[in-house]
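Participant: Here's a structure for you.
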Amino acid sequence: MITGLLLTAALAHGELPPPDYRSELANAAADEIRRRAEEAASSDDPFAGMRAAEEFADRWRRRIGADSGSRRLEDDAKLAYELGLGWRLAGDEDRALAALNRAIVEDPSMVAAHYDRGEIKLNRGQVDAAILEFQTVVRLKPTGWPGHFRLADIARRAGDAQAFEHELTEALRGGFSFRALAGDESWHQTFSHPRLGPVMRRLITVYQGDDVMGIFERGPGEAPPRLP
């Protein structure tokens with residue numbers, strides 16, 4: 001990994017690195033944006049911190065990202081994605097969405113950008129648009145669980161037991177665990193739902209086991225039984 005010092009030097013002197021180093025520099029720049037975004041989120045003025053992160057990204061694009069081609073677009077997408085995450089942490093969904101849109105324009109195959117854009121749209125009540133994003137996540141990464149899980153969650157909210165079971169099964173096959181939902185009261189309510197509850201019980205039995213079943217049978221916030 002190219003060090004942060006090399007990145008800083010390249011930015012300071014405006015040197016265009018050899019093509020073989022471009023992706024490493026883009027990764028270093030993305031790491032720097034991520035660091036600045038995390039600091040901004042915990043500061044008194046997160047917007048000011050994110051504006052500084054955007055200025056950093058603009059300098060990178062002007063000085064190191066000056067060449068053209070698909071490689072440039074993929075590298076710019078990394079920076080745009082990190083800016084999108086940073087703006088979400090700062091609480092500005094409009095700027096986050098704009099950055100994620102840019103990331104997807106520059107790299108349509110960026111799974112994480114589609115996923116996060118889907119999260120924002122779902123949070124805004126744009127369910128159909130969110131479904132399209134999560135379906136894209138599944139198409140781009142069919143063996144991963146996040147896209148399937150979000151589609152299962154949307155089906156759960158709609159009371160669609162068939163789609164709920166299908167997507168949740170695919171999520172479990174991709175490595176999802178019901179343990180991640182142990183503190184989510186809405187999923188405990190789903191466990192008792194007349195149509196969706198039996199689906200959960202069946203999938204927990206097949207893929208997880210008695211210990212996970214016990215988590216949902218006890219209910220949210222209830223301590224596990226003491227061992228003798």
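Chains: A, B, ... in order of the structure tokens. Residues: from 1 per chain. Ligands: from 1, in order shown.
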Set the distance at 10 Å and use only C-alpha atoms: which residues neighbour Glu32 in chain A once local chain neighbours fewer than 2 positions away are removed? I'd like the list as a ChimeraX atom specification.
Facilitator: /A:4,7,26-30,34-38,53,56-57,79,82
Participant: Set the distance at 6 Å and use only C-alpha atoms: which residues neighbour Ala171 in chain A once local chain neighbours fewer than 4 positions away are removed? I'd like the list as a PyMOL selection string.
Facilitator: chain A and resi 145+148-149+176
Participant: Let me make sure I understand: among A:Arg102, A:Arg63, A:Lys121, A:Arg150, which one has the smallest atom-to-atom distance to Leu83 in chain A if we use only C-alpha atoms?
Facilitator: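 Selected residue with least distance to Leu83 in chain A: A:Arg102.
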Participant: I'd like the contact shell of Leu85 in chain A - 9 Å cut-off, only C-alpha atoms, skipping same-chain residues fewer than 4 positions apart - returned as a PyMOL selection string.
Facilitator: chain A and resi 34+37+80-81+89-90+96+99-100+116
Participant: Save out the residues we just selected, N, CA, C and O atoms, as a CSV table (one decimal), in the first residue's frame.
Facilitator:
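Listed below is the output, again.csv:
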```csv
chain,number,residue,atom,x,y,z
A,34,ARG,N,-12.0,8.8,4.2
A,34,ARG,CA,-12.7,8.1,5.3
A,34,ARG,C,-12.3,8.6,6.7
A,34,ARG,O,-13.1,8.8,7.6
A,37,ALA,N,-13.8,11.9,7.2
A,37,ALA,CA,-15.3,11.8,7.5
A,37,ALA,C,-15.6,11.4,8.9
A,37,ALA,O,-16.5,11.9,9.5
A,80,ALA,N,-15.7,9.3,-4.5
A,80,ALA,CA,-17.1,9.7,-4.4
A,80,ALA,C,-17.9,8.8,-3.4
A,80,ALA,O,-18.7,9.3,-2.7
A,81,TYR,N,-17.6,7.5,-3.4
A,81,TYR,CA,-18.3,6.7,-2.5
A,81,TYR,C,-18.0,7.0,-1.0
A,81,TYR,O,-18.9,7.1,-0.2
A,89,LEU,N,-22.9,10.1,7.5
A,89,LEU,CA,-22.5,10.2,8.9
A,89,LEU,C,-22.8,11.6,9.4
A,89,LEU,O,-23.1,11.8,10.6
A,90,ALA,N,-22.6,12.6,8.5
A,90,ALA,CA,-22.8,14.0,8.9
A,90,ALA,C,-24.3,14.3,9.0
A,90,ALA,O,-24.6,15.4,9.5
A,96,ALA,N,-25.1,13.1,0.4
A,96,ALA,CA,-24.7,11.7,0.4
A,96,ALA,C,-25.2,11.1,-0.9
A,96,ALA,O,-24.5,10.4,-1.6
A,99,ALA,N,-23.3,12.2,-4.0
A,99,ALA,CA,-22.0,11.6,-4.1
A,99,ALA,C,-22.1,10.2,-4.5
A,99,ALA,O,-21.3,9.7,-5.4
A,100,LEU,N,-23.1,9.5,-4.0
A,100,LEU,CA,-23.3,8.1,-4.4
A,100,LEU,C,-23.7,8.0,-5.9
A,100,LEU,O,-23.3,7.1,-6.6
A,116,ASP,N,-25.8,1.4,-0.5
A,116,ASP,CA,-26.1,2.6,0.3
A,116,ASP,C,-27.1,3.5,-0.3
A,116,ASP,O,-27.9,4.2,0.4
```
Participant: Go through A:Ile215, A:Val199, A:Leu151, A:Ala77 one by one, measure the shortest atom-to-atom distance of each to Leu122 in chain A using only C-alpha atoms, and give the residue with the smallest value.
Facilitator: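 Selected residue with least distance to Leu122 in chain A: A:Leu151.
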Participant: Would you list, as a PyMOL selection string, the residues of range 27-223 of chain A that end up in alpha helix (DSSP H) under DSSP run on this structure's backbone?
Facilitator: chain A and resi 27-41+46-63+70-90+93-106+111-123+127-140+146-158+161-173+185-191+196-207+210-218
Participant: Between CA of Val111 in chain A and CA of Val138 in chain A, measure the distance and give it in Å to one decimal.
Facilitator: 8.7 Å
Participant: Could you give me, as JSON lines, every range 169-214 of chain A residue with an atom at most 10 Å from range 152-160 of chain A, plus its closest atom pair and distance in Å to one decimal, counting only C-alpha atoms, rows ordered by chain then number?
Facilitator:
```
{"residue": "A:Thr169", "atom": "CA", "partner": "A:Ala152", "partner_atom": "CA", "distance": 8.9}
{"residue": "A:Glu170", "atom": "CA", "partner": "A:Ala152", "partner_atom": "CA", "distance": 9.3}
{"residue": "A:Ala171", "atom": "CA", "partner": "A:Ala152", "partner_atom": "CA", "distance": 8.3}
{"residue": "A:Ser186", "atom": "CA", "partner": "A:Arg157", "partner_atom": "CA", "distance": 9.7}
{"residue": "A:Trp187", "atom": "CA", "partner": "A:Arg156", "partner_atom": "CA", "distance": 9.2}
{"residue": "A:Thr190", "atom": "CA", "partner": "A:Arg156", "partner_atom": "CA", "distance": 7.8}
{"residue": "A:His193", "atom": "CA", "partner": "A:Gly159", "partner_atom": "CA", "distance": 9.4}
{"residue": "A:Arg195", "atom": "CA", "partner": "A:Gly159", "partner_atom": "CA", "distance": 7.8}
{"residue": "A:Leu196", "atom": "CA", "partner": "A:Gly159", "partner_atom": "CA", "distance": 7.3}
```
Participant: Can you pull out the residues contacting Phe216 in chain A? Cut-off 8 Å, using only C-alpha atoms, and skip same-chain residues under 2 positions away; I want them as a tab-separated table (two decimals) with N, CA and C atoms, in the first residue's frame.
Facilitator:
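The resulting around_30.tsv:
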```tsv
chain	number	residue	atom	x	y	z
A	182	ALA	N	-30.82	-9.94	17.09
A	182	ALA	CA	-31.24	-10.27	18.46
A	182	ALA	C	-31.79	-9.07	19.21
A	188	HIS	N	-38.37	-9.44	16.44
A	188	HIS	CA	-39.00	-10.28	17.46
A	188	HIS	C	-40.52	-10.32	17.25
A	191	PHE	N	-41.21	-12.65	14.49
A	191	PHE	CA	-41.12	-14.03	14.96
A	191	PHE	C	-42.47	-14.54	15.46
A	212	VAL	N	-30.10	-20.01	18.75
A	212	VAL	CA	-30.66	-18.83	18.11
A	212	VAL	C	-32.18	-18.81	18.27
A	213	MET	N	-32.81	-19.97	18.19
A	213	MET	CA	-34.26	-20.04	18.41
A	213	MET	C	-34.58	-19.51	19.81
A	214	GLY	N	-33.75	-19.84	20.78
A	214	GLY	CA	-33.99	-19.39	22.14
A	214	GLY	C	-33.93	-17.88	22.28
A	218	ARG	N	-37.20	-16.03	23.83
A	218	ARG	CA	-37.12	-15.25	25.08
A	218	ARG	C	-37.60	-13.82	24.89
A	219	GLY	N	-37.43	-13.29	23.69
A	219	GLY	CA	-37.86	-11.92	23.43
A	219	GLY	C	-36.71	-10.95	23.58
A	220	PRO	N	-36.86	-9.73	23.04
A	220	PRO	CA	-35.78	-8.74	23.07
A	220	PRO	C	-35.48	-8.27	24.48
```
